[in-house]
Each structure stands twice: as C-alpha cells, then as structure tokens.
$ cat work-v7.tsv   # TSV, C-alpha atoms
chain	number	residue	atom	x	y	z
A	76	MET	CA	-87.50	127.16	71.38
A	77	GLU	CA	-88.24	126.63	67.71
A	78	LYS	CA	-85.52	127.74	65.31
A	79	LYS	CA	-86.36	128.82	61.79
A	80	LEU	CA	-84.09	128.08	58.89
A	81	ILE	CA	-84.32	130.92	56.41
A	82	VAL	CA	-83.60	129.92	52.85
A	83	GLY	CA	-83.04	132.70	50.35
A	84	PRO	CA	-81.77	133.06	46.81
A	85	SER	CA	-78.09	133.53	46.10
A	86	PRO	CA	-75.74	135.28	46.39
A	87	HIS	CA	-75.17	134.47	50.07
A	88	VAL	CA	-71.72	136.10	50.33
A	89	HIS	CA	-71.68	139.85	49.97
A	90	GLY	CA	-68.78	142.14	49.20
A	91	SER	CA	-67.75	145.14	51.25
A	92	ASP	CA	-68.66	147.67	48.56
A	93	THR	CA	-71.76	149.75	49.14
A	94	THR	CA	-73.54	152.24	46.95
A	95	GLN	CA	-72.32	155.02	49.21
A	96	LYS	CA	-68.67	153.96	48.86
A	97	LEU	CA	-68.95	153.66	45.09
A	98	MET	CA	-70.62	157.06	44.77
A	99	ARG	CA	-67.99	158.61	47.04
A	100	ASP	CA	-65.26	157.29	44.75
A	101	VAL	CA	-67.04	158.75	41.72
A	102	LEU	CA	-67.20	162.14	43.44
A	103	ILE	CA	-63.49	161.95	44.26
A	104	ALA	CA	-62.78	161.09	40.61
A	105	LEU	CA	-64.78	164.14	39.48
A	106	ALA	CA	-63.06	166.51	41.92
A	107	PRO	CA	-59.95	167.25	39.77
A	108	ALA	CA	-62.16	168.20	36.80
A	109	LEU	CA	-64.24	170.47	39.02
A	110	LEU	CA	-61.10	172.24	40.24
A	111	VAL	CA	-59.80	172.70	36.69
A	112	VAL	CA	-63.12	174.05	35.40
A	113	THR	CA	-63.37	176.43	38.36
A	114	PHE	CA	-59.89	177.75	37.56
A	115	ILE	CA	-60.85	178.23	33.91
A	116	TYR	CA	-64.34	179.68	34.31
A	117	GLY	CA	-64.31	181.14	37.83
A	118	THR	CA	-66.50	180.74	40.90
A	119	ARG	CA	-69.70	180.72	38.84
A	120	VAL	CA	-68.89	177.02	38.27
A	121	LEU	CA	-69.28	176.35	41.99
A	122	VAL	CA	-72.62	178.18	42.02
A	123	VAL	CA	-74.03	176.10	39.15
A	124	THR	CA	-72.68	172.86	40.63
A	125	GLY	CA	-73.85	173.67	44.15
A	126	VAL	CA	-77.38	174.55	43.02
A	127	SER	CA	-77.55	171.41	40.90
A	128	ILE	CA	-76.48	169.20	43.81
A	129	ALA	CA	-78.80	170.89	46.30
A	130	ALA	CA	-81.77	170.68	43.93
A	131	CYS	CA	-81.18	167.00	43.12
A	132	VAL	CA	-80.85	166.05	46.80
A	133	LEU	CA	-83.88	168.08	47.88
A	134	ILE	CA	-86.10	166.80	45.07
A	135	GLU	CA	-85.17	163.17	45.77
A	136	PHE	CA	-85.79	163.67	49.51
A	137	LEU	CA	-89.22	165.25	48.93
A	138	ILE	CA	-90.33	162.57	46.46
A	139	GLN	CA	-89.12	159.80	48.75
A	140	ARG	CA	-90.68	161.40	51.82
A	141	PHE	CA	-94.09	162.41	50.51
A	142	MET	CA	-94.73	160.01	47.60
A	143	PHE	CA	-92.86	156.78	48.28
A	144	GLY	CA	-92.56	156.82	52.04
A	145	GLY	CA	-90.03	154.70	53.85
A	146	LYS	CA	-86.38	155.40	54.53
A	147	SER	CA	-84.70	158.30	52.76
A	148	THR	CA	-82.27	157.32	50.01
A	149	ILE	CA	-80.21	160.52	49.83
A	150	GLY	CA	-77.57	158.96	52.08
A	151	ASP	CA	-76.33	156.74	49.25
A	152	LEU	CA	-74.86	159.89	47.58
A	153	SER	CA	-76.29	158.98	44.17
A	154	ALA	CA	-78.33	162.20	44.06
A	155	ILE	CA	-75.14	164.19	44.66
A	156	VAL	CA	-73.41	162.36	41.80
A	157	THR	CA	-76.37	163.11	39.55
A	158	GLY	CA	-76.18	166.76	40.57
A	159	VAL	CA	-72.49	167.02	39.71
A	160	LEU	CA	-72.91	165.21	36.38
A	161	LEU	CA	-75.90	167.36	35.46
A	162	ALA	CA	-73.86	170.49	36.19
A	163	PHE	CA	-71.01	169.13	34.06
A	164	ASN	CA	-73.45	168.92	31.16
A	165	LEU	CA	-74.46	172.58	31.43
A	166	PRO	CA	-72.82	175.83	30.30
A	167	VAL	CA	-71.50	178.04	33.07
A	168	SER	CA	-73.75	180.91	31.93
A	169	ILE	CA	-77.04	179.00	32.25
A	170	PRO	CA	-79.72	180.71	34.39
A	171	ILE	CA	-80.01	179.19	37.85
A	172	TRP	CA	-83.72	178.45	37.50
A	173	MET	CA	-82.93	176.24	34.51
A	174	VAL	CA	-80.47	174.29	36.65
A	175	VAL	CA	-83.25	173.63	39.16
A	176	LEU	CA	-85.65	172.63	36.38
A	177	GLY	CA	-83.06	170.26	34.93
A	178	ALA	CA	-82.58	168.69	38.37
A	179	LEU	CA	-86.34	168.23	38.70
A	180	VAL	CA	-86.50	166.37	35.39
A	181	ALA	CA	-83.32	164.38	36.09
A	182	ILE	CA	-84.42	163.13	39.51
A	183	GLY	CA	-88.20	163.33	39.24
A	184	VAL	CA	-88.55	161.89	35.74
A	185	GLY	CA	-85.27	160.16	34.98
A	186	LYS	CA	-84.85	158.41	38.33
A	187	MET	CA	-87.71	158.39	40.83
A	188	THR	CA	-90.49	157.81	38.30
A	189	PHE	CA	-89.07	154.33	37.78
A	190	GLY	CA	-88.68	153.60	41.48
A	191	GLY	CA	-85.32	155.08	42.34
A	192	LEU	CA	-81.69	154.04	42.01
A	193	GLY	CA	-81.14	150.77	40.17
A	194	ARG	CA	-84.53	150.77	38.50
A	195	ASN	CA	-84.06	153.69	36.10
A	196	PRO	CA	-83.42	152.59	32.48
A	197	PHE	CA	-81.91	155.93	31.42
A	198	ASN	CA	-79.08	157.98	32.89
A	199	PRO	CA	-80.87	160.64	35.01
A	200	ALA	CA	-78.34	163.43	34.43
A	201	LEU	CA	-78.59	162.97	30.67
A	202	VAL	CA	-82.38	162.96	30.83
A	203	GLY	CA	-82.18	166.37	32.50
A	204	ARG	CA	-79.56	167.62	30.07
A	205	VAL	CA	-81.43	166.56	26.93
A	206	PHE	CA	-84.68	168.04	28.29
A	207	LEU	CA	-82.98	171.40	28.78
A	208	LEU	CA	-81.26	171.21	25.38
A	209	LEU	CA	-84.52	170.57	23.55
A	210	SER	CA	-86.49	173.11	25.63
A	211	PHE	CA	-83.95	175.93	25.83
A	212	PRO	CA	-81.47	175.45	22.97
A	213	ALA	CA	-80.18	179.04	23.04
A	214	ALA	CA	-79.28	178.97	26.74
A	215	MET	CA	-77.76	175.49	26.42
A	216	THR	CA	-75.54	176.45	23.49
A	217	THR	CA	-74.24	179.81	24.71
A	218	PHE	CA	-70.70	179.50	26.03
A	219	PRO	CA	-68.62	182.42	27.31
A	220	ALA	CA	-64.90	182.40	26.63
A	221	PRO	CA	-62.78	180.95	29.45
A	222	SER	CA	-61.43	183.72	31.66
A	223	ALA	CA	-58.11	181.85	32.01
A	224	ALA	CA	-57.18	182.29	28.34
A	225	ALA	CA	-57.47	185.55	26.44
A	226	ASP	CA	-56.90	183.86	23.08
A	227	ALA	CA	-59.40	181.04	23.63
A	228	MET	CA	-62.20	180.49	21.15
A	229	SER	CA	-65.41	182.12	22.33
A	230	GLY	CA	-69.07	182.00	21.44
A	231	ALA	CA	-69.23	178.35	20.39
A	232	THR	CA	-67.65	175.00	21.08
A	233	PRO	CA	-65.01	173.78	18.62
A	234	LEU	CA	-67.52	171.18	17.36
A	235	THR	CA	-70.12	173.87	16.67
A	236	TYR	CA	-67.55	176.15	15.08
A	237	VAL	CA	-66.42	173.50	12.60
A	238	LYS	CA	-69.94	172.20	11.85
A	239	GLU	CA	-71.35	175.67	11.18
A	240	ALA	CA	-68.38	176.70	9.06
A	241	MET	CA	-68.60	173.55	6.95
A	242	LYS	CA	-72.37	173.77	6.47
A	243	GLY	CA	-72.13	175.84	3.29
A	244	GLY	CA	-69.78	173.38	1.64
A	245	ASP	CA	-67.45	176.02	0.20
A	246	ILE	CA	-64.94	176.02	3.09
A	247	LYS	CA	-62.28	173.37	3.50
A	248	LEU	CA	-61.10	171.97	6.80
A	249	SER	CA	-57.54	172.95	5.98
A	250	ASP	CA	-58.69	176.57	6.22
A	251	LEU	CA	-60.33	176.06	9.61
A	252	MET	CA	-58.08	173.74	11.58
A	253	PRO	CA	-55.12	176.16	11.91
A	254	GLU	CA	-57.45	178.37	13.97
A	255	ILE	CA	-58.01	175.53	16.45
A	256	SER	CA	-55.29	174.89	19.02
A	257	TYR	CA	-55.01	171.27	20.10
A	258	ASP	CA	-53.25	172.46	23.24
A	259	ASN	CA	-56.38	174.44	24.11
A	260	LEU	CA	-58.51	171.38	23.42
A	261	LEU	CA	-56.33	169.25	25.68
A	262	PHE	CA	-56.16	171.71	28.56
A	263	GLY	CA	-59.73	172.99	28.27
A	264	LEU	CA	-59.08	176.53	27.09
A	265	HIS	CA	-62.15	176.69	24.84
A	266	GLY	CA	-65.88	177.19	25.14
A	267	GLY	CA	-68.18	174.38	26.16
A	268	SER	CA	-70.18	172.87	28.99
A	269	LEU	CA	-68.36	172.29	32.26
A	270	GLY	CA	-67.57	168.66	31.46
A	271	GLU	CA	-66.22	169.39	27.99
A	272	ILE	CA	-63.19	171.38	29.01
A	273	ALA	CA	-61.20	169.27	31.47
A	274	ALA	CA	-60.02	166.32	29.39
A	275	LEU	CA	-56.84	165.56	31.32
A	276	ALA	CA	-58.55	165.89	34.70
A	277	LEU	CA	-61.37	163.57	33.58
A	278	LEU	CA	-58.81	160.99	32.44
A	279	LEU	CA	-57.11	161.30	35.82
A	280	GLY	CA	-60.44	160.54	37.43
A	281	PHE	CA	-60.84	157.54	35.12
A	282	GLY	CA	-57.48	156.21	36.31
A	283	TYR	CA	-58.57	156.61	39.93
A	284	MET	CA	-61.81	154.70	39.31
A	285	LEU	CA	-59.91	151.91	37.58
A	286	ILE	CA	-57.56	151.60	40.55
A	287	ARG	CA	-60.51	151.58	42.94
A	288	ARG	CA	-62.35	149.10	40.69
A	289	VAL	CA	-65.38	151.34	40.51
A	290	VAL	CA	-65.52	150.79	36.75
A	291	THR	CA	-63.77	148.53	34.27
A	292	TRP	CA	-62.05	149.66	31.09
A	293	HIS	CA	-64.51	147.98	28.73
A	294	ILE	CA	-67.12	150.70	28.19
A	295	PRO	CA	-64.85	153.80	28.09
A	296	VAL	CA	-62.32	152.12	25.79
A	297	ALA	CA	-65.09	150.75	23.54
A	298	VAL	CA	-66.73	154.18	23.27
A	299	LEU	CA	-63.56	156.17	22.61
A	300	GLY	CA	-61.99	153.44	20.47
A	301	SER	CA	-65.01	153.10	18.19
A	302	MET	CA	-65.24	156.88	17.89
A	303	ALA	CA	-61.56	157.06	16.94
A	304	LEU	CA	-61.78	154.20	14.43
A	305	PHE	CA	-64.97	155.38	12.73
A	306	SER	CA	-63.81	159.00	12.51
A	307	ALA	CA	-60.38	157.86	11.27
A	308	ILE	CA	-61.98	155.96	8.38
A	309	LEU	CA	-63.96	159.05	7.42
A	310	TRP	CA	-60.93	161.32	7.81
A	311	TRP	CA	-58.70	159.06	5.71
A	312	SER	CA	-61.36	158.93	3.00
A	313	ASP	CA	-61.68	162.74	2.78
A	314	PRO	CA	-59.54	164.87	5.12
A	315	GLU	CA	-61.01	168.09	3.70
A	316	THR	CA	-64.54	167.15	4.77
A	317	TYR	CA	-64.13	165.12	7.97
A	318	VAL	CA	-62.13	166.05	11.07
A	319	ASP	CA	-59.45	163.80	12.53
A	320	PRO	CA	-60.01	161.36	15.44
A	321	ALA	CA	-58.07	163.45	17.98
A	322	PHE	CA	-60.44	166.37	17.43
A	323	HIS	CA	-63.46	164.15	18.07
A	324	LEU	CA	-62.00	162.66	21.25
A	325	LEU	CA	-60.90	165.99	22.75
A	326	THR	CA	-64.06	167.97	21.98
A	327	GLY	CA	-67.62	167.75	23.16
A	328	GLY	CA	-68.52	165.47	26.02
A	329	ALA	CA	-66.71	162.43	24.62
A	330	ILE	CA	-64.50	161.74	27.64
A	331	LEU	CA	-67.11	162.76	30.22
A	332	GLY	CA	-69.73	160.61	28.51
A	333	ALA	CA	-67.49	157.58	28.00
A	334	VAL	CA	-66.00	157.57	31.51
A	335	PHE	CA	-68.72	158.87	33.82
A	336	MET	CA	-72.08	158.67	32.01
A	337	ALA	CA	-72.00	155.50	29.95
A	338	THR	CA	-70.58	153.48	32.87
A	339	ASP	CA	-73.58	154.11	35.13
A	340	TYR	CA	-74.31	150.76	36.82
A	341	ALA	CA	-78.09	150.93	36.51
A	342	THR	CA	-78.13	151.74	32.79
A	343	SER	CA	-75.21	149.72	31.37
A	344	PRO	CA	-74.87	145.98	30.58
A	345	MET	CA	-73.70	143.37	33.09
A	346	SER	CA	-71.35	141.23	31.00
A	347	LYS	CA	-68.00	142.28	29.57
A	348	LYS	CA	-69.10	141.36	26.03
A	349	GLY	CA	-72.25	143.37	26.54
A	350	MET	CA	-70.24	146.36	27.77
A	351	VAL	CA	-68.06	146.30	24.67
A	352	ALA	CA	-71.05	146.05	22.32
A	353	TYR	CA	-72.80	148.83	24.25
A	354	GLY	CA	-69.72	151.06	24.08
A	355	ILE	CA	-69.21	150.48	20.37
A	356	GLY	CA	-72.83	151.40	19.74
A	357	ILE	CA	-72.41	154.66	21.65
A	358	GLY	CA	-69.23	155.55	19.74
A	359	ILE	CA	-70.71	154.88	16.31
A	360	ILE	CA	-73.96	156.74	17.00
A	361	THR	CA	-72.01	159.70	18.39
A	362	ILE	CA	-69.95	160.07	15.21
A	363	LEU	CA	-73.05	159.60	13.03
A	364	ILE	CA	-74.85	162.44	14.84
A	365	ARG	CA	-71.79	164.70	14.87
A	366	THR	CA	-71.12	164.16	11.18
A	367	TRP	CA	-74.57	164.08	9.61
A	368	GLY	CA	-77.01	165.02	12.38
A	369	ALA	CA	-78.55	168.36	13.24
A	370	TYR	CA	-76.59	168.69	16.48
A	371	PRO	CA	-72.81	169.19	16.60
A	372	GLU	CA	-72.61	166.99	19.70
A	373	GLY	CA	-74.14	163.54	19.90
A	374	ILE	CA	-72.86	161.52	22.83
A	375	SER	CA	-75.79	162.38	25.14
A	376	PHE	CA	-78.31	161.10	22.59
A	377	ALA	CA	-76.10	158.10	21.82
A	378	ILE	CA	-75.92	157.04	25.47
A	379	LEU	CA	-79.68	157.38	25.96
A	380	ILE	CA	-80.35	155.38	22.79
A	381	MET	CA	-78.01	152.61	23.91
A	382	ASN	CA	-79.50	152.72	27.44
A	383	ALA	CA	-82.72	151.53	25.81
A	384	THR	CA	-80.92	148.51	24.32
A	385	VAL	CA	-79.38	147.32	27.62
A	386	PRO	CA	-82.19	144.84	28.48
A	387	LEU	CA	-81.74	143.25	25.05
A	388	ILE	CA	-77.95	143.18	25.42
A	389	ASN	CA	-78.27	141.57	28.86
A	390	LYS	CA	-80.60	138.95	27.45
A	391	TYR	CA	-78.29	137.80	24.67
A	392	MET	CA	-74.90	138.56	26.25
A	393	ARG	CA	-75.29	137.16	29.72
A	394	PRO	CA	-72.39	136.91	32.17
A	395	ARG	CA	-71.15	133.54	33.42
A	396	ARG	CA	-73.57	131.99	35.90
A	397	PHE	CA	-71.89	130.15	38.77
A	398	GLY	CA	-68.99	129.19	36.55
A	399	VAL	CA	-71.19	127.87	33.73
A	400	PRO	CA	-70.77	129.69	30.37
A	401	ALA	CA	-73.93	131.48	29.33
A	402	LYS	CA	-75.70	130.42	26.18
A	403	ILE	CA	-75.62	133.20	23.63
$ encode --input "work-v7.tsv" --output "structure tokens"
Amino acid sequence: MEKKLIVGPSPHVHGSDTTQKLMRDVLIALAPALLVVTFIYGTRVLVVTGVSIAACVLIEFLIQRFMFGGKSTIGDLSAIVTGVLLAFNLPVSIPIWMVVLGALVAIGVGKMTFGGLGRNPFNPALVGRVFLLLSFPAAMTTFPAPSAAADAMSGATPLTYVKEAMKGGDIKLSDLMPEISYDNLLFGLHGGSLGEIAALALLLGFGYMLIRRVVTWHIPVAVLGSMALFSAILWWSDPETYVDPAFHLLTGGAILGAVFMATDYATSPMSKKGMVAYGIGIGIITILIRTWGAYPEGISFAILIMNATVPLINKYMRPRRFGVPAKI
C-alpha cells in the first residue's frame, strides 16, 4: 500500500486555543460590565444587547448559508462578541430597528463582505456604530439619565457637556468641572452609551483577559497612556481650556475601545512594537478629535483609521521569524 508524505507550511505544532475559546473568554470579560450597566439603566439594556446579538448571529448565518455556502461559522462565537460590542456602543434608548440595521452593517459590510472572521480589515462593531452615528446622529447622541442615580447628569455625556459649553469661548473650565463628579465618572452614574459607563467593570474584564492571555497589555496601555500624556501636555499648557487626563480616560469609550475594540485580533498588528505604535496612534487621534474635531468622542474613528494602517505596520514592524530578528 502506497503511503503519501504530506508536506505543508509551518507551523506544524498547534496550540490548544481556538477561536471559540478566545471568544468565550471575551464574553466572560464583558459580563461584569453588562451586569453593571443593567443595574444602572434597567432591563432595557438586556433588550438592546439581546436584539443586537440575535441580529448579528442570524445575519451571519444567512450570509454564510445562502451566499458563501459551506459550514456555518456562528459556532465560533465571534458574531455574539460583535453583537455585544455593538450594543455597548449604542445608547440604551435607541430604537430596536436601528439596532438591527447596525448589526446588518456590522456583519454584512464590516465582516462578511471581506470573507468573514480574520479577513476583515476594520472592526465590525465599530463599522456598525459609525454607520449609525453618521446616519442617525440624534438617536445616537440621546442619552437618558441613569435610573440608579437621581443626581446624575442627564441629556448628554460629560464629553458633550464640556465641549458644547466651551464652544462659545466665554466659559472657563473652572466654572464647569465642579458640576462633574469624578465618582460618577468612575462608577458610571452619567449619561452615555452602554460601554461608556462601566469603567471599573471593564478594567476588571481587562484583568481577566490578561490572566487568560487573551490579549497582551501593549495596545490598551499604549492607547490609554498616549491619551493621558497628550491630554496632560494640553492641560498643563492651559488648564482653563483643556480638560485633565483623568477626565479623558474615564469618559467616552476610552476604556471600552482600548481594551475590547482596538485589541481585535483580525484588525490589530502582530508584533509587540507594532501594537505599541498602533495604540499610540489611536490615543493621539482620539485626543485630536475630542479637542478640535466636530465630535466630542473620537476613539471609534481613531480605531478605524488605525485599522487601515495595520498592513503597513505589519510590513515594517514584523515579529521575530523562527528566532531570527526581523529586518525593520
């Protein structure tokens, strides 16, 4: 009987991690934030999140079944992760049909158009979020006050509140900041999208993913560190015009974006040097948009912009290859 020797490219030794295991760990890491947001905003959070998950899974299944053919990919749990992250980028008051539309764009355009998981150049959840923000800005920037705090700021996020108040140029930050409670920022008792108001829970999830080695520290630390440094320079130069670093880190989607969005395997660099450069780029662009841009928040746009640079970063900041240092 003739035996065939099959020769294939490396690597020949595979680890025990699978996409499903990694996605399961991400979902576990997001669970504390979901519980906190549900406590703050009520059961409407579960409705928005559940619809987002169901829509993402169903849309991926239908596209895979009727357009691509072959084995279904929903078992890898990546569509569920996209659904949760999309929901975390939406206000709790958003109409349900917009959630479904955002899921359609996230999965149909941001992911499956490019061939599915691992081939998409842009983070799918952010593609859906930015589409909704540009198409329905009123619905995407309307935030009810958290039901868990009677004295919480309502109507706008802290970033929007400060940016709009400073637009005229005749109000100083020293007049505004006493109205903003840093305790509320830390514990999420302020208006915002679902992923903006659970800072401590998101950091807890980050710790879990570090322990499980789902992500490394390089991208989140580079994003948050560059945001803190850049905003600190501005704040030190003129504290009456620019807000302090703590405000930037605790508001908007800074922590959600740095920990859960920017670290997406398919859309982030491979090497540690590349991760740091990528993270620094996100942090700087975020502060630039927040400070001088038209939108009070900027991390979604910053991540998508830096997603586009990942092929270039991978080309010039390659990881070690079989123990041989890469030429940069």
$ residues_around --input "work-v7.tsv" --residues "A:Asn382" --least-positions-apart "5" --cutoff "9 Å" --atoms "all atoms listed in the file" --output "list in words"
Pro196, Phe197, Asn198, Ala337, Thr342, Ser343, Pro344, Tyr353 and Ala377 of chain A
$ atom_distance --input "work-v7.tsv" --atom1 "atom CA of A:Val351" --atom2 "atom CA of A:Leu299"
11.0 Å
$ closest_residue --input "work-v7.tsv" --among "A:Ile308, A:Met350, A:Val290, A:Met336" --to "A:Ile362" --atoms "all atoms listed in the file"
A:Ile308
$ atom_distance --input "work-v7.tsv" --atom1 "atom CA of A:Val167" --atom2 "atom CA of A:Leu363"
27.3 Å
$ closest_residue --input "work-v7.tsv" --among "A:Met302, A:Asp151, A:Pro166, A:Leu278" --to "A:Gly193" --atoms "all atoms listed in the file"
A:Asp151
$ atom_distance --input "work-v7.tsv" --atom1 "atom CA of A:Tyr236" --atom2 "atom CA of A:Leu109"
24.8 Å
$ decode --input "work-v7.tsv" --residues "stretch 285-296 of chain A" --atoms "all heavy atoms" --output "PDB file, in the first residue's frame"
ATOM      1  N   LEU A 285      -6.101  39.442  30.592  1.00  0.00           N
ATOM      2  CA  LEU A 285      -4.651  39.347  30.754  1.00  0.00           C
ATOM      3  C   LEU A 285      -4.266  38.021  31.413  1.00  0.00           C
ATOM      4  O   LEU A 285      -3.306  37.355  30.990  1.00  0.00           O
ATOM      5  CB  LEU A 285      -4.132  40.514  31.592  1.00  0.00           C
ATOM      6  CG  LEU A 285      -4.066  41.885  30.918  1.00  0.00           C
ATOM      7  CD1 LEU A 285      -3.612  42.930  31.924  1.00  0.00           C
ATOM      8  CD2 LEU A 285      -3.127  41.870  29.712  1.00  0.00           C
ATOM      9  N   ILE A 286      -4.998  37.643  32.437  1.00  0.00           N
ATOM     10  CA  ILE A 286      -4.722  36.383  33.128  1.00  0.00           C
ATOM     11  C   ILE A 286      -4.913  35.199  32.180  1.00  0.00           C
ATOM     12  O   ILE A 286      -4.117  34.255  32.171  1.00  0.00           O
ATOM     13  CB  ILE A 286      -5.628  36.245  34.361  1.00  0.00           C
ATOM     14  CG1 ILE A 286      -5.252  37.287  35.416  1.00  0.00           C
ATOM     15  CG2 ILE A 286      -5.522  34.832  34.958  1.00  0.00           C
ATOM     16  CD1 ILE A 286      -6.207  37.352  36.584  1.00  0.00           C
ATOM     17  N   ARG A 287      -5.937  35.266  31.373  1.00  0.00           N
ATOM     18  CA  ARG A 287      -6.229  34.189  30.423  1.00  0.00           C
ATOM     19  C   ARG A 287      -5.387  34.287  29.151  1.00  0.00           C
ATOM     20  O   ARG A 287      -5.464  33.430  28.283  1.00  0.00           O
ATOM     21  CB  ARG A 287      -7.707  34.239  30.043  1.00  0.00           C
ATOM     22  CG  ARG A 287      -8.658  33.949  31.202  1.00  0.00           C
ATOM     23  CD  ARG A 287      -8.652  32.490  31.568  1.00  0.00           C
ATOM     24  NE  ARG A 287      -9.209  31.681  30.480  1.00  0.00           N
ATOM     25  CZ  ARG A 287      -9.186  30.356  30.448  1.00  0.00           C
ATOM     26  NH1 ARG A 287      -8.614  29.682  31.433  1.00  0.00           N
ATOM     27  NH2 ARG A 287      -9.717  29.694  29.433  1.00  0.00           N
ATOM     28  N   ARG A 288      -4.593  35.327  29.045  1.00  0.00           N
ATOM     29  CA  ARG A 288      -3.714  35.554  27.887  1.00  0.00           C
ATOM     30  C   ARG A 288      -4.505  35.667  26.585  1.00  0.00           C
ATOM     31  O   ARG A 288      -4.039  35.245  25.514  1.00  0.00           O
ATOM     32  CB  ARG A 288      -2.662  34.449  27.786  1.00  0.00           C
ATOM     33  CG  ARG A 288      -1.725  34.405  28.979  1.00  0.00           C
ATOM     34  CD  ARG A 288      -0.635  33.377  28.806  1.00  0.00           C
ATOM     35  NE  ARG A 288       0.268  33.380  29.959  1.00  0.00           N
ATOM     36  CZ  ARG A 288       1.333  32.587  30.078  1.00  0.00           C
ATOM     37  NH1 ARG A 288       1.612  31.722  29.105  1.00  0.00           N
ATOM     38  NH2 ARG A 288       2.097  32.643  31.157  1.00  0.00           N
ATOM     39  N   VAL A 289      -5.674  36.246  26.704  1.00  0.00           N
ATOM     40  CA  VAL A 289      -6.468  36.526  25.501  1.00  0.00           C
ATOM     41  C   VAL A 289      -5.898  37.741  24.784  1.00  0.00           C
ATOM     42  O   VAL A 289      -5.886  37.803  23.549  1.00  0.00           O
ATOM     43  CB  VAL A 289      -7.948  36.764  25.878  1.00  0.00           C
ATOM     44  CG1 VAL A 289      -8.776  37.155  24.665  1.00  0.00           C
ATOM     45  CG2 VAL A 289      -8.526  35.522  26.539  1.00  0.00           C
ATOM     46  N   VAL A 290      -5.448  38.721  25.543  1.00  0.00           N
ATOM     47  CA  VAL A 290      -4.793  39.904  24.999  1.00  0.00           C
ATOM     48  C   VAL A 290      -3.508  40.146  25.772  1.00  0.00           C
ATOM     49  O   VAL A 290      -3.287  39.564  26.840  1.00  0.00           O
ATOM     50  CB  VAL A 290      -5.692  41.163  25.094  1.00  0.00           C
ATOM     51  CG1 VAL A 290      -6.980  40.967  24.314  1.00  0.00           C
ATOM     52  CG2 VAL A 290      -6.003  41.497  26.550  1.00  0.00           C
ATOM     53  N   THR A 291      -2.670  41.002  25.248  1.00  0.00           N
ATOM     54  CA  THR A 291      -1.492  41.469  25.982  1.00  0.00           C
ATOM     55  C   THR A 291      -1.745  42.921  26.397  1.00  0.00           C
ATOM     56  O   THR A 291      -2.708  43.546  25.974  1.00  0.00           O
ATOM     57  CB  THR A 291      -0.221  41.390  25.121  1.00  0.00           C
ATOM     58  OG1 THR A 291      -0.344  42.299  24.003  1.00  0.00           O
ATOM     59  CG2 THR A 291      -0.020  39.975  24.592  1.00  0.00           C
ATOM     60  N   TRP A 292      -0.864  43.453  27.198  1.00  0.00           N
ATOM     61  CA  TRP A 292      -1.055  44.800  27.729  1.00  0.00           C
ATOM     62  C   TRP A 292      -0.718  45.884  26.715  1.00  0.00           C
ATOM     63  O   TRP A 292      -1.088  47.048  26.900  1.00  0.00           O
ATOM     64  CB  TRP A 292      -0.173  45.014  28.966  1.00  0.00           C
ATOM     65  CG  TRP A 292       1.295  44.838  28.698  1.00  0.00           C
ATOM     66  CD1 TRP A 292       2.033  43.706  28.846  1.00  0.00           C
ATOM     67  CD2 TRP A 292       2.221  45.834  28.214  1.00  0.00           C
ATOM     68  NE1 TRP A 292       3.351  43.911  28.492  1.00  0.00           N
ATOM     69  CE2 TRP A 292       3.484  45.213  28.108  1.00  0.00           C
ATOM     70  CE3 TRP A 292       2.094  47.176  27.869  1.00  0.00           C
ATOM     71  CZ2 TRP A 292       4.623  45.903  27.654  1.00  0.00           C
ATOM     72  CZ3 TRP A 292       3.224  47.863  27.427  1.00  0.00           C
ATOM     73  CH2 TRP A 292       4.467  47.236  27.326  1.00  0.00           C
ATOM     74  N   HIS A 293      -0.030  45.534  25.643  1.00  0.00           N
ATOM     75  CA  HIS A 293       0.605  46.539  24.787  1.00  0.00           C
ATOM     76  C   HIS A 293      -0.377  47.548  24.191  1.00  0.00           C
ATOM     77  O   HIS A 293      -0.162  48.765  24.276  1.00  0.00           O
ATOM     78  CB  HIS A 293       1.382  45.838  23.665  1.00  0.00           C
ATOM     79  CG  HIS A 293       2.468  44.940  24.160  1.00  0.00           C
ATOM     80  ND1 HIS A 293       2.221  43.652  24.596  1.00  0.00           N
ATOM     81  CD2 HIS A 293       3.796  45.156  24.315  1.00  0.00           C
ATOM     82  CE1 HIS A 293       3.362  43.100  24.979  1.00  0.00           C
ATOM     83  NE2 HIS A 293       4.320  43.983  24.826  1.00  0.00           N
ATOM     84  N   ILE A 294      -1.446  47.073  23.556  1.00  0.00           N
ATOM     85  CA  ILE A 294      -2.373  48.004  22.904  1.00  0.00           C
ATOM     86  C   ILE A 294      -3.162  48.832  23.914  1.00  0.00           C
ATOM     87  O   ILE A 294      -3.190  50.072  23.809  1.00  0.00           O
ATOM     88  CB  ILE A 294      -3.314  47.246  21.943  1.00  0.00           C
ATOM     89  CG1 ILE A 294      -2.522  46.687  20.763  1.00  0.00           C
ATOM     90  CG2 ILE A 294      -4.425  48.178  21.433  1.00  0.00           C
ATOM     91  CD1 ILE A 294      -3.339  45.825  19.812  1.00  0.00           C
ATOM     92  N   PRO A 295      -3.831  48.219  24.910  1.00  0.00           N
ATOM     93  CA  PRO A 295      -4.586  49.050  25.865  1.00  0.00           C
ATOM     94  C   PRO A 295      -3.731  50.080  26.585  1.00  0.00           C
ATOM     95  O   PRO A 295      -4.134  51.245  26.736  1.00  0.00           O
ATOM     96  CB  PRO A 295      -5.162  48.018  26.850  1.00  0.00           C
ATOM     97  CG  PRO A 295      -5.231  46.752  26.064  1.00  0.00           C
ATOM     98  CD  PRO A 295      -4.039  46.780  25.167  1.00  0.00           C
ATOM     99  N   VAL A 296      -2.536  49.674  27.041  1.00  0.00           N
ATOM    100  CA  VAL A 296      -1.669  50.614  27.752  1.00  0.00           C
ATOM    101  C   VAL A 296      -1.181  51.714  26.818  1.00  0.00           C
ATOM    102  O   VAL A 296      -1.090  52.893  27.203  1.00  0.00           O
ATOM    103  CB  VAL A 296      -0.483  49.875  28.397  1.00  0.00           C
ATOM    104  CG1 VAL A 296       0.544  50.855  28.952  1.00  0.00           C
ATOM    105  CG2 VAL A 296      -0.981  48.963  29.522  1.00  0.00           C
TER     106      VAL A 296
END
